[in-house]
$ cat input27.txt   # compact mmCIF, C-alpha atoms
# COMPACT_ATOMS: atom_id res chain seq x y z
CA MET A 1 39.41 111.32 -74.11
CA PRO A 2 39.43 113.33 -77.38
CA GLY A 3 42.77 113.50 -78.99
CA ASP A 4 44.32 110.65 -77.06
CA GLY A 5 44.68 108.62 -80.25
CA MET A 6 42.34 105.82 -79.16
CA THR A 7 39.30 104.86 -81.16
CA PRO A 8 36.24 104.74 -78.91
CA ARG A 9 34.47 101.39 -78.89
CA PRO A 10 30.87 101.40 -80.08
CA GLY A 11 28.07 101.14 -77.57
CA TYR A 12 27.30 97.60 -78.64
CA ASP A 13 29.18 94.37 -79.17
CA PRO A 14 29.70 94.15 -82.93
CA ALA A 15 30.52 90.44 -82.84
CA SER A 16 27.24 89.60 -81.12
CA LEU A 17 25.31 91.87 -83.46
CA PHE A 18 26.73 90.53 -86.73
CA SER A 19 26.73 86.94 -85.49
CA GLY A 20 23.10 87.35 -84.48
CA VAL A 21 22.14 88.64 -87.89
CA ILE A 22 23.97 85.76 -89.57
CA VAL A 23 22.36 83.21 -87.24
CA ILE A 24 18.91 84.67 -87.86
CA LEU A 25 19.43 84.47 -91.64
CA LEU A 26 20.71 80.91 -91.43
CA GLY A 27 17.91 79.86 -89.10
CA THR A 28 15.33 81.41 -91.40
CA LEU A 29 16.82 79.54 -94.35
CA LEU A 30 16.69 76.27 -92.46
CA LEU A 31 13.17 77.00 -91.24
CA LEU A 32 11.92 77.62 -94.76
CA ASP A 33 13.55 74.39 -95.90
CA GLN A 34 12.05 72.38 -93.06
CA ALA A 35 8.63 73.92 -93.69
CA ASP A 36 8.93 72.85 -97.36
CA VAL A 37 8.65 76.46 -98.50
CA LEU A 38 12.07 76.13 -100.11
CA GLU A 39 13.63 72.94 -101.40
CA LEU A 40 17.31 73.52 -100.79
CA ARG A 41 19.74 71.02 -102.16
CA ALA A 42 22.92 70.05 -100.38
CA GLU A 43 25.08 71.84 -102.91
CA TYR A 44 23.54 75.15 -101.81
CA LEU A 45 22.69 74.49 -98.19
CA LEU A 46 26.02 73.11 -96.99
CA PRO A 47 28.04 76.05 -98.39
CA ALA A 48 25.52 78.40 -96.78
CA VAL A 49 26.05 76.76 -93.39
CA LEU A 50 29.82 76.87 -93.81
CA ALA A 51 29.68 80.50 -94.91
CA ALA A 52 27.59 81.36 -91.86
CA VAL A 53 30.06 79.72 -89.49
CA GLY A 54 32.94 81.44 -91.29
CA GLY A 55 31.17 84.79 -91.09
CA ILE A 56 30.57 84.37 -87.37
CA LEU A 57 34.19 83.49 -86.71
CA LEU A 58 35.32 86.42 -88.83
CA ALA A 59 33.02 88.80 -86.99
CA CYS A 60 34.34 87.62 -83.64
CA GLY A 61 37.93 87.89 -84.84
CA LEU A 62 37.54 91.40 -86.20
CA ALA A 63 35.58 92.65 -83.22
CA GLY A 64 38.27 91.68 -80.74
CA PRO A 65 37.71 90.43 -77.23
CA PRO A 66 34.41 91.04 -75.47
CA ARG A 67 34.01 94.09 -73.26
CA GLY A 68 35.74 93.82 -69.96
CA ARG A 69 38.50 91.55 -71.28
CA SER A 70 40.51 94.04 -73.33
CA MET B 1 10.82 94.63 -5.08
CA THR B 2 10.10 91.06 -4.42
CA ASP B 3 12.61 88.34 -3.81
CA THR B 4 12.56 85.56 -6.31
CA PRO B 5 12.68 82.20 -4.59
CA PRO B 6 15.59 80.02 -5.65
CA PRO B 7 14.70 77.38 -8.21
CA THR B 8 13.97 74.06 -6.73
CA PRO B 9 15.53 71.10 -8.46
CA GLN B 10 13.02 68.91 -10.31
CA PRO B 11 12.99 65.25 -9.48
CA ASP B 12 13.85 64.23 -13.06
CA GLN B 13 16.69 66.70 -13.48
CA PRO B 14 20.17 66.04 -12.16
CA ALA B 15 21.50 68.29 -9.53
CA PRO B 16 23.82 71.05 -10.78
CA ASP B 17 26.77 69.49 -9.09
CA GLN B 18 26.14 66.08 -10.64
CA PRO B 19 27.59 65.26 -14.11
CA ALA B 20 25.04 65.02 -16.93
CA PRO B 21 24.48 61.57 -18.34
CA GLU B 22 26.47 60.91 -21.52
CA GLN B 23 24.36 61.56 -24.62
CA PRO B 24 25.17 59.88 -27.91
CA PRO B 25 26.83 62.36 -30.28
CA ARG B 26 24.53 63.85 -32.87
CA ARG B 27 27.05 63.45 -35.67
CA LEU B 28 28.22 60.00 -36.72
CA THR B 29 31.92 59.59 -36.00
CA ARG B 30 34.29 56.69 -35.75
CA SER B 31 35.11 55.75 -32.20
CA SER B 32 38.68 56.13 -31.08
CA GLU B 33 38.01 54.29 -27.82
CA ASP B 34 35.98 51.28 -28.96
CA SER B 35 38.00 50.35 -32.00
CA LEU B 36 39.12 47.00 -33.38
CA ILE B 37 40.06 48.13 -36.89
CA GLY B 38 38.95 51.65 -37.62
CA GLY B 39 36.33 52.33 -34.97
CA VAL B 40 33.47 52.14 -37.49
CA ALA B 41 31.34 49.61 -35.61
CA GLY B 42 32.08 51.33 -32.29
CA GLY B 43 31.04 54.69 -33.70
CA ILE B 44 27.85 53.36 -35.31
CA GLY B 45 26.94 51.47 -32.14
CA ARG B 46 27.43 54.58 -30.06
CA HIS B 47 25.47 56.68 -32.54
CA LEU B 48 22.55 54.22 -32.63
CA ASN B 49 22.89 53.37 -28.94
CA VAL B 50 23.28 49.67 -29.66
CA ASP B 51 25.97 47.18 -28.79
CA PRO B 52 28.91 47.57 -31.24
CA LEU B 53 29.19 43.78 -31.27
CA ALA B 54 25.85 43.61 -33.11
CA ILE B 55 27.18 46.05 -35.68
CA ARG B 56 30.33 43.98 -36.15
CA ILE B 57 28.29 40.79 -36.60
CA THR B 58 26.13 42.61 -39.17
CA PHE B 59 29.23 43.68 -41.09
CA VAL B 60 30.53 40.10 -41.09
CA ILE B 61 27.19 38.68 -42.29
CA LEU B 62 26.94 41.28 -45.06
CA THR B 63 30.48 40.47 -46.12
CA PHE B 64 29.28 37.01 -47.09
CA ALA B 65 26.50 38.63 -49.14
CA GLY B 66 28.60 39.50 -52.13
CA GLY B 67 31.16 41.46 -50.14
CA LEU B 68 28.71 44.18 -49.22
CA GLY B 69 29.78 44.26 -45.58
CA LEU B 70 33.41 44.78 -46.46
CA LEU B 71 32.48 47.42 -49.00
CA ALA B 72 30.25 49.27 -46.55
CA TYR B 73 32.95 49.12 -43.87
CA LEU B 74 35.55 50.54 -46.23
CA LEU B 75 33.22 53.32 -47.35
CA CYS B 76 32.54 54.23 -43.71
CA LEU B 77 36.26 54.15 -43.03
CA ILE B 78 36.78 56.65 -45.84
CA PHE B 79 33.87 58.99 -45.36
CA VAL B 80 33.10 58.93 -41.62
CA PRO B 81 35.49 61.14 -39.63
CA THR B 82 37.03 60.03 -36.38
CA ASP B 83 36.12 61.52 -33.01
CA ASP B 84 39.77 61.86 -32.07
CA PRO B 85 40.45 65.62 -31.89
CA SER B 86 44.16 65.04 -32.28
CA ALA B 87 43.66 63.24 -35.62
CA PRO B 88 44.52 65.31 -38.71
CA PRO B 89 41.50 66.84 -40.42
CA LEU B 90 39.85 64.93 -43.24
CA LYS B 91 41.38 66.01 -46.55
CA TRP B 92 39.87 65.19 -49.89
CA GLY B 93 43.10 64.14 -51.50
CA LEU B 94 43.66 62.26 -54.71
CA ALA B 95 44.31 58.94 -52.97
CA ARG B 96 41.10 59.15 -50.94
CA THR B 97 39.10 60.18 -54.00
CA LEU B 98 40.60 57.47 -56.15
CA GLY B 99 39.99 54.91 -53.43
CA ALA B 100 36.37 55.96 -53.04
CA GLY B 101 35.90 55.94 -56.80
CA LEU B 102 37.32 52.45 -57.16
CA LEU B 103 35.15 51.22 -54.32
CA ALA B 104 32.11 52.72 -56.00
CA VAL B 105 33.05 51.03 -59.27
CA ALA B 106 33.52 47.72 -57.45
CA ALA B 107 30.14 48.17 -55.80
CA LEU B 108 28.47 48.71 -59.16
CA ALA B 109 30.25 45.67 -60.59
CA ILE B 110 28.93 43.59 -57.70
CA LEU B 111 25.42 44.96 -57.50
CA VAL B 112 24.59 45.35 -61.21
CA PRO B 113 27.05 43.20 -63.14
CA ASP B 114 24.89 42.95 -66.27
CA TRP B 115 24.67 46.70 -66.53
CA PHE B 116 28.22 47.35 -65.46
CA TRP B 117 30.09 45.40 -68.12
CA GLY B 118 28.81 47.49 -70.98
CA PRO B 119 29.84 50.45 -73.09
CA GLN B 120 28.94 52.87 -70.32
CA VAL B 121 32.13 52.09 -68.37
CA PRO B 122 34.27 54.60 -70.32
CA LEU B 123 31.56 57.20 -69.82
CA MET B 124 31.58 56.47 -66.10
CA VAL B 125 35.34 56.96 -66.00
CA VAL B 126 35.07 60.32 -67.75
CA ALA B 127 32.15 61.35 -65.54
CA GLY B 128 34.13 60.35 -62.45
CA ALA B 129 37.10 62.41 -63.58
CA VAL B 130 34.87 65.41 -64.18
CA VAL B 131 33.21 65.06 -60.79
CA TYR B 132 36.59 64.78 -59.10
CA LEU B 133 37.91 67.88 -60.86
CA LEU B 134 34.80 69.86 -60.02
CA VAL B 135 34.89 68.73 -56.37
CA ARG B 136 38.51 69.73 -56.20
CA VAL B 137 37.75 73.14 -57.66
CA VAL B 138 34.89 73.69 -55.23
CA ARG B 139 36.93 72.66 -52.21
CA GLU B 140 39.96 74.69 -53.22
CA ASP B 141 37.78 77.62 -54.27
CA GLY B 142 39.64 77.82 -57.56
CA GLY B 143 42.42 79.73 -55.89
CA SER B 144 45.44 77.57 -56.55
CA HIS B 145 47.04 76.98 -59.91
CA ALA B 146 46.09 73.31 -59.79
CA GLY B 147 42.54 74.29 -58.96
CA ARG B 148 42.28 76.66 -61.89
CA MET B 149 43.78 74.08 -64.22
CA ALA B 150 41.37 71.46 -62.93
CA ALA B 151 38.50 73.87 -63.44
CA ARG B 152 39.47 74.50 -67.04
CA ILE B 153 39.82 70.79 -67.79
CA ALA B 154 36.52 69.95 -66.13
CA ILE B 155 34.65 72.76 -67.84
CA GLY B 156 36.22 71.78 -71.16
CA ILE B 157 35.10 68.18 -70.80
CA VAL B 158 31.62 69.25 -69.79
CA LEU B 159 31.34 71.68 -72.72
CA VAL B 160 32.56 69.11 -75.24
CA ALA B 161 30.11 66.55 -73.85
CA LEU B 162 27.28 69.08 -73.99
CA ALA B 163 28.18 70.08 -77.54
CA ALA B 164 28.33 66.46 -78.70
CA GLY B 165 25.03 65.73 -77.00
CA GLY B 166 23.50 68.85 -78.54
CA LEU B 167 24.70 67.87 -82.01
CA VAL B 168 23.24 64.39 -81.71
CA ALA B 169 20.02 65.64 -80.15
CA ALA B 170 19.56 68.32 -82.80
CA ALA B 171 20.24 65.85 -85.61
CA ALA B 172 17.88 63.28 -84.12
CA GLY B 173 15.22 65.87 -83.43
CA ALA B 174 15.39 67.22 -86.96
CA ALA B 175 15.43 63.75 -88.54
CA LEU B 176 12.41 62.77 -86.46
CA GLY B 177 10.38 65.68 -87.76
CA GLY B 178 11.36 68.39 -85.32
CA GLY B 179 13.37 70.42 -87.82
CA ILE B 180 11.06 73.41 -87.61
CA ALA B 181 11.45 73.56 -83.83
CA VAL B 182 15.23 73.29 -84.07
CA ALA B 183 15.30 76.04 -86.70
CA GLY B 184 13.14 78.14 -84.39
CA ILE B 185 15.63 77.72 -81.57
CA VAL B 186 18.45 78.75 -83.91
CA ILE B 187 16.54 81.91 -84.82
CA ALA B 188 15.87 82.56 -81.14
CA CYS B 189 19.61 82.32 -80.47
CA GLY B 190 20.16 84.85 -83.24
CA VAL B 191 17.60 87.22 -81.77
CA GLY B 192 19.25 86.79 -78.38
CA LEU B 193 22.62 87.62 -79.90
CA VAL B 194 21.30 90.79 -81.52
CA GLY B 195 19.51 91.85 -78.34
CA GLY B 196 22.47 90.97 -76.18
CA ALA B 197 24.82 92.98 -78.39
CA PHE B 198 23.41 96.16 -76.84
CA ARG B 199 23.65 94.80 -73.31
CA GLY B 200 27.33 94.05 -73.18
CA GLY B 201 27.35 91.15 -75.65
CA ALA B 202 26.03 87.62 -75.62
CA ARG B 203 28.65 85.75 -77.57
CA TRP B 204 28.05 82.57 -75.62
CA LEU B 205 24.85 82.15 -77.65
CA ILE B 206 26.99 81.56 -80.75
CA VAL B 207 27.91 78.10 -79.49
CA PRO B 208 24.37 76.70 -79.09
CA ALA B 209 23.37 78.35 -82.35
CA ILE B 210 26.14 76.58 -84.25
CA VAL B 211 25.65 73.32 -82.36
CA LEU B 212 22.01 73.32 -83.47
CA ALA B 213 22.46 74.74 -86.95
CA LEU B 214 25.20 72.37 -88.15
CA PRO B 215 23.29 69.09 -87.70
CA LEU B 216 20.07 70.71 -88.85
CA GLY B 217 21.85 71.83 -92.00
CA ALA B 218 23.17 68.32 -92.57
CA VAL B 219 19.72 66.81 -92.03
CA ALA B 220 18.11 69.38 -94.29
CA ALA B 221 20.73 68.89 -96.99
CA THR B 222 20.19 65.14 -97.06
CA ASP B 223 16.41 65.33 -96.62
CA LEU B 224 16.85 62.87 -93.80
CA ASP B 225 13.56 61.78 -92.30
CA VAL B 226 13.62 58.66 -90.15
CA ARG B 227 9.99 58.71 -89.11
CA GLY B 228 8.26 55.42 -89.77
CA THR B 229 9.20 51.77 -89.47
CA TRP B 230 12.67 50.83 -88.26
CA GLY B 231 14.39 47.50 -88.84
CA ASP B 232 14.75 44.99 -91.65
CA ARG B 233 11.70 44.40 -93.79
CA THR B 234 11.15 42.26 -96.89
CA PHE B 235 8.17 43.04 -99.11
CA GLN B 236 6.88 40.45 -101.58
CA PRO B 237 3.85 41.90 -103.33
CA ALA B 238 1.62 39.32 -104.98
CA SER B 239 0.00 41.69 -107.46
CA THR B 240 0.75 44.99 -109.16
CA ALA B 241 -2.11 46.55 -107.21
CA GLU B 242 0.00 46.26 -104.06
CA LEU B 243 2.66 48.44 -105.65
CA ALA B 244 0.36 51.43 -105.98
CA GLY B 245 1.04 52.83 -102.50
CA GLY B 246 4.74 52.10 -102.58
CA TYR B 247 6.75 51.31 -99.46
CA GLU B 248 8.10 53.63 -96.82
CA MET B 249 10.43 53.11 -93.86
CA GLY B 250 12.25 55.31 -91.39
CA MET B 251 15.48 53.45 -90.88
CA GLY B 252 16.85 50.02 -91.70
CA SER B 253 16.92 47.69 -94.66
CA MET B 254 14.07 47.57 -97.15
CA ARG B 255 14.03 44.57 -99.46
CA VAL B 256 11.48 44.37 -102.23
CA ASP B 257 11.27 40.99 -103.95
CA LEU B 258 9.31 41.26 -107.21
CA ARG B 259 10.32 37.94 -108.74
CA GLY B 260 6.87 36.50 -108.24
CA LEU B 261 5.14 39.43 -109.87
CA ASP B 262 3.66 39.36 -113.36
CA LEU B 263 3.86 42.92 -114.60
CA PRO B 264 1.48 44.07 -117.32
CA PRO B 265 2.73 45.76 -120.51
CA GLY B 266 3.42 49.44 -120.04
CA ARG B 267 4.90 51.38 -117.17
CA THR B 268 4.30 50.48 -113.55
CA ASP B 269 5.63 52.86 -110.92
CA LEU B 270 7.08 51.70 -107.61
CA ARG B 271 7.76 54.39 -105.01
CA LEU B 272 10.24 53.53 -102.26
CA ASP B 273 11.21 55.85 -99.43
CA ILE B 274 13.64 55.32 -96.56
CA GLY B 275 15.26 57.89 -94.30
CA MET B 276 18.44 56.05 -93.44
CA GLY B 277 19.43 52.62 -94.68
CA GLU B 278 19.33 50.63 -97.88
CA ILE B 279 16.79 49.75 -100.50
CA LYS B 280 17.25 46.53 -102.45
CA VAL B 281 14.91 45.73 -105.29
CA LEU B 282 15.05 42.24 -106.77
CA VAL B 283 13.32 42.05 -110.14
CA PRO B 284 12.58 39.30 -112.68
CA GLU B 285 15.12 39.02 -115.49
CA SER B 286 12.53 39.55 -118.19
CA VAL B 287 11.29 42.88 -116.87
CA CYS B 288 12.59 46.22 -118.10
CA VAL B 289 13.52 48.29 -115.07
CA THR B 290 14.23 52.00 -115.04
CA THR B 291 15.29 53.83 -111.93
CA GLU B 292 14.92 57.34 -110.64
CA ALA B 293 16.78 57.73 -107.35
CA GLU B 294 17.42 60.70 -105.08
CA VAL B 295 19.97 60.07 -102.34
CA GLY B 296 21.17 62.70 -99.87
CA VAL B 297 24.40 60.90 -99.06
CA GLY B 298 25.14 57.40 -100.29
CA VAL B 299 25.30 55.09 -103.27
CA VAL B 300 23.09 54.07 -106.18
CA ASN B 301 23.71 50.91 -108.19
CA THR B 302 21.35 49.61 -110.85
CA GLY B 303 23.90 47.28 -112.37
CA ASP B 304 26.17 49.88 -113.93
CA GLY B 305 28.42 50.14 -110.90
CA ASP B 306 28.29 52.26 -107.78
CA GLN B 307 27.49 55.91 -108.19
CA GLY B 308 28.18 57.52 -104.84
CA GLY B 309 28.34 60.97 -103.38
CA VAL B 310 26.29 63.76 -101.90
CA ASP B 311 22.94 64.92 -103.22
CA LEU B 312 22.68 62.21 -105.88
CA ASP B 313 19.95 62.47 -108.46
CA ILE B 314 20.17 59.42 -110.69
CA ARG B 315 17.77 59.07 -113.59
CA ASP B 316 17.83 56.09 -115.89
CA LYS B 317 17.80 57.09 -119.53
CA ARG B 318 17.12 53.69 -121.02
CA ALA B 319 15.02 53.63 -124.13
CA VAL B 320 11.98 51.49 -123.60
CA ALA B 321 10.31 49.78 -126.55
CA PRO B 322 6.53 50.13 -126.79
CA GLY B 323 4.46 47.39 -125.22
CA VAL B 324 7.26 46.23 -122.95
CA ALA B 325 6.49 45.57 -119.27
CA GLN B 326 8.40 48.35 -117.53
CA LEU B 327 8.96 48.76 -113.81
CA HIS B 328 9.89 52.33 -112.91
CA VAL B 329 11.53 52.46 -109.48
CA ILE B 330 11.32 55.88 -107.81
CA ALA B 331 13.57 55.74 -104.76
CA ASP B 332 14.14 58.44 -102.16
CA VAL B 333 16.88 57.85 -99.59
CA GLY B 334 18.24 60.33 -97.07
CA VAL B 335 21.42 58.51 -96.15
CA GLY B 336 22.11 55.07 -97.57
CA ALA B 337 22.00 53.02 -100.74
CA VAL B 338 19.71 52.00 -103.57
CA LEU B 339 20.46 48.69 -105.27
CA VAL B 340 18.31 47.38 -108.10
CA GLY B 341 19.01 44.15 -109.95
CA ASP B 342 17.85 40.71 -110.96
CA ARG B 343 20.36 38.77 -108.94
CA PHE B 344 21.62 39.28 -105.41
CA ALA B 345 23.68 36.83 -103.48
CA SER B 346 24.94 36.32 -100.00
CA TRP B 347 27.81 34.47 -98.40
CA ASP B 348 25.64 32.83 -95.87
CA ARG B 349 26.80 29.24 -95.89
CA PRO B 350 30.05 27.32 -96.33
CA GLY B 351 29.14 26.43 -99.93
CA GLY B 352 29.90 29.96 -101.05
CA TRP B 353 27.71 32.51 -102.70
CA HIS B 354 24.07 31.69 -102.32
CA ASP B 355 22.00 32.95 -105.24
CA ASP B 356 18.76 33.12 -103.33
CA GLY B 357 20.30 35.48 -100.84
CA PHE B 358 19.67 39.17 -100.63
CA ASP B 359 23.03 40.64 -99.85
CA ALA B 360 25.43 41.76 -102.58
CA LEU B 361 24.18 42.91 -105.98
CA GLN B 362 25.49 40.50 -108.60
CA THR B 363 23.70 41.44 -111.81
CA GLY B 364 21.96 44.65 -112.73
CA THR B 365 18.74 44.95 -114.62
CA SER B 366 18.41 43.82 -118.20
CA ARG B 367 18.83 46.34 -121.01
CA ALA B 368 17.70 43.75 -123.51
CA ALA B 369 14.36 43.52 -121.71
CA CYS B 370 13.79 47.23 -122.34
CA ARG B 371 14.39 46.67 -126.02
CA GLY B 372 11.94 43.79 -125.96
CA THR B 373 14.62 41.31 -126.98
CA ALA B 374 15.20 39.62 -123.64
$ encode --input "input27.txt" --output "structure tokens"
Amino acid sequence: MPGDGMTPRPGYDPASLFSGVIVILLGTLLLLDQADVLELRAEYLLPAVLAAVGGILLACGLAGPPRGRS
Amino acid sequence: MTDTPPPTPQPDQPAPDQPAPEQPPRRLTRSSEDSLIGGVAGGIGRHLNVDPLAIRITFVILTFAGGLGLLAYLLCLIFVPTDDPSAPPLKWGLARTLGAGLLAVAALAILVPDWFWGPQVPLMVVAGAVVYLLVRVVREDGGSHAGRMAARIAIGIVLVALAAGGLVAAAAGAALGGGIAVAGIVIACGVGLVGGAFRGGARWLIVPAIVLALPLGAVAATDLDVRGTWGDRTFQPASTAELAGGYEMGMGSMRVDLRGLDLPPGRTDLRLDIGMGEIKVLVPESVCVTTEAEVGVGVVNTGDGDQGGVDLDIRDKRAVAPGVAQLHVIADVGVGAVLVGDRFASWDRPGGWHDDGFDALQTGTSRAACRGTA
């Protein structure tokens, strides 16, 4: 209700959306490496994987519980 | 209106006032009337319409066949209900479950002893615990506190097992050349997450995405490729022409013995590739050897000590005098070790270190040979 002081939740699940984008980016990176389009060394690839996992966890943490559990 | 004549009794049907002949019960039950121990033989005999004595004799004979008769009798005693209506209903309690589980384990130990006494026993115990918890949840409909707790434990064990299996499968699939497919599945999970975000969320897809992406990332980072020959192989080329194609293996131990080789003046390249394992190159003392090694995770030693770590790129910077016979080893290892030297040894007999062995690197390659002063 307007004016009740509560922020309306968006019409989508932000955690799923941002996690999906991160997963797609990571999967594309890995796909390009496996297809020998890119030659990624461990010093770049491993931090990228860790950053992706961290980003997903952060997105889930900031988004709160899924719909129907709040 | 016509009167319907009364039905006339058929010759093969009993009269209505006569009792019907006793039919064997459709469901197998233990007999409460013909019972010596638990009514198993009596119940089976009644069910099959045979003399229970024959069933008892069969049980006794099978008991002498590795205890099968006793085992079968006990299983029937546990699982076949009695026909006594006053008996308490069959309850799937812990004692009955544990008893049945132990009997099943004993049966496996008797029937397949070679298979049983192996590493799969702990897995069987875990699987049995999971099955018990799930059965308990199903029977209690998850309503009680114990049922809910059992459900959580069982689901947790199943999820951990699935995740571990997924990690191993993804790593193996990627290392065996299926990295593109695994990456495709990861992208598909991402697309599912984005699509599911507008349909109430699909966070569960995060788990398979991570389970697949982590091992794939590790495999990609180490350039691990285990396609090819597996095992221990020793190569002893007789001429430099045999070195042209190099040697390649998927997994194992690659030993290249070049002591019998007469290298010409100038540089001769030797390409060695192994996905997971070790490469050992044994060279003549008089030959100048330079090494160029890329190792995803592992160790390189060309006589100057171990250089270990992740994503190693070792390049020998030895100065080579003109006209010197030079062997240039180009090694590519996903996970493992590269050892190059003119003396290996092994502790393979009571006399101590055995120089002709091929185990531990004793002496690295000669620097003097590269200067032409060896």
$ residues_around --input "input27.txt" --residues "Leu193 of chain B" --least-positions-apart "5" --cutoff "12 Å" --atoms "only C-alpha atoms" --output "VMD selection string"
(chain A and resid 12 to 24 56) or (chain B and resid 186 to 188 198 to 209)
$ residues_around --input "input27.txt" --residues "Gly184 of chain B" --least-positions-apart "4" --cutoff "8 Å" --atoms "all atoms listed in the file" --output "list of chain:residue names"
A:Gly27, A:Leu31, B:Ile180, B:Ala188
$ residues_around --input "input27.txt" --residues "segment 293-303 of chain B" --least-positions-apart "3" --cutoff "8 Å" --atoms "all atoms listed in the file" --output "MDAnalysis selection string"
(chainID A and resid 42) or (chainID B and resid 221:224 306:315 329:341 361:365)
$ atom_distance --input "input27.txt" --atom1 "atom CA of Gly43 of chain B" --atom2 "atom CA of Asp83 of chain B"
8.5 Å
$ residues_near_point --input "input27.txt" --point "(33.7, 45.5, -31.8)" --cutoff "10 Å" --atoms "only C-alpha atoms" --output "PyMOL selection string"
chain B and resi 34-43+45+51-57
$ atom_distance --input "input27.txt" --atom1 "atom CA of Ala244 of chain B" --atom2 "atom CA of Arg343 of chain B"
23.9 Å
$ atom_distance --input "input27.txt" --atom1 "atom CA of Ala172 of chain B" --atom2 "atom CA of Gly228 of chain B"
13.6 Å
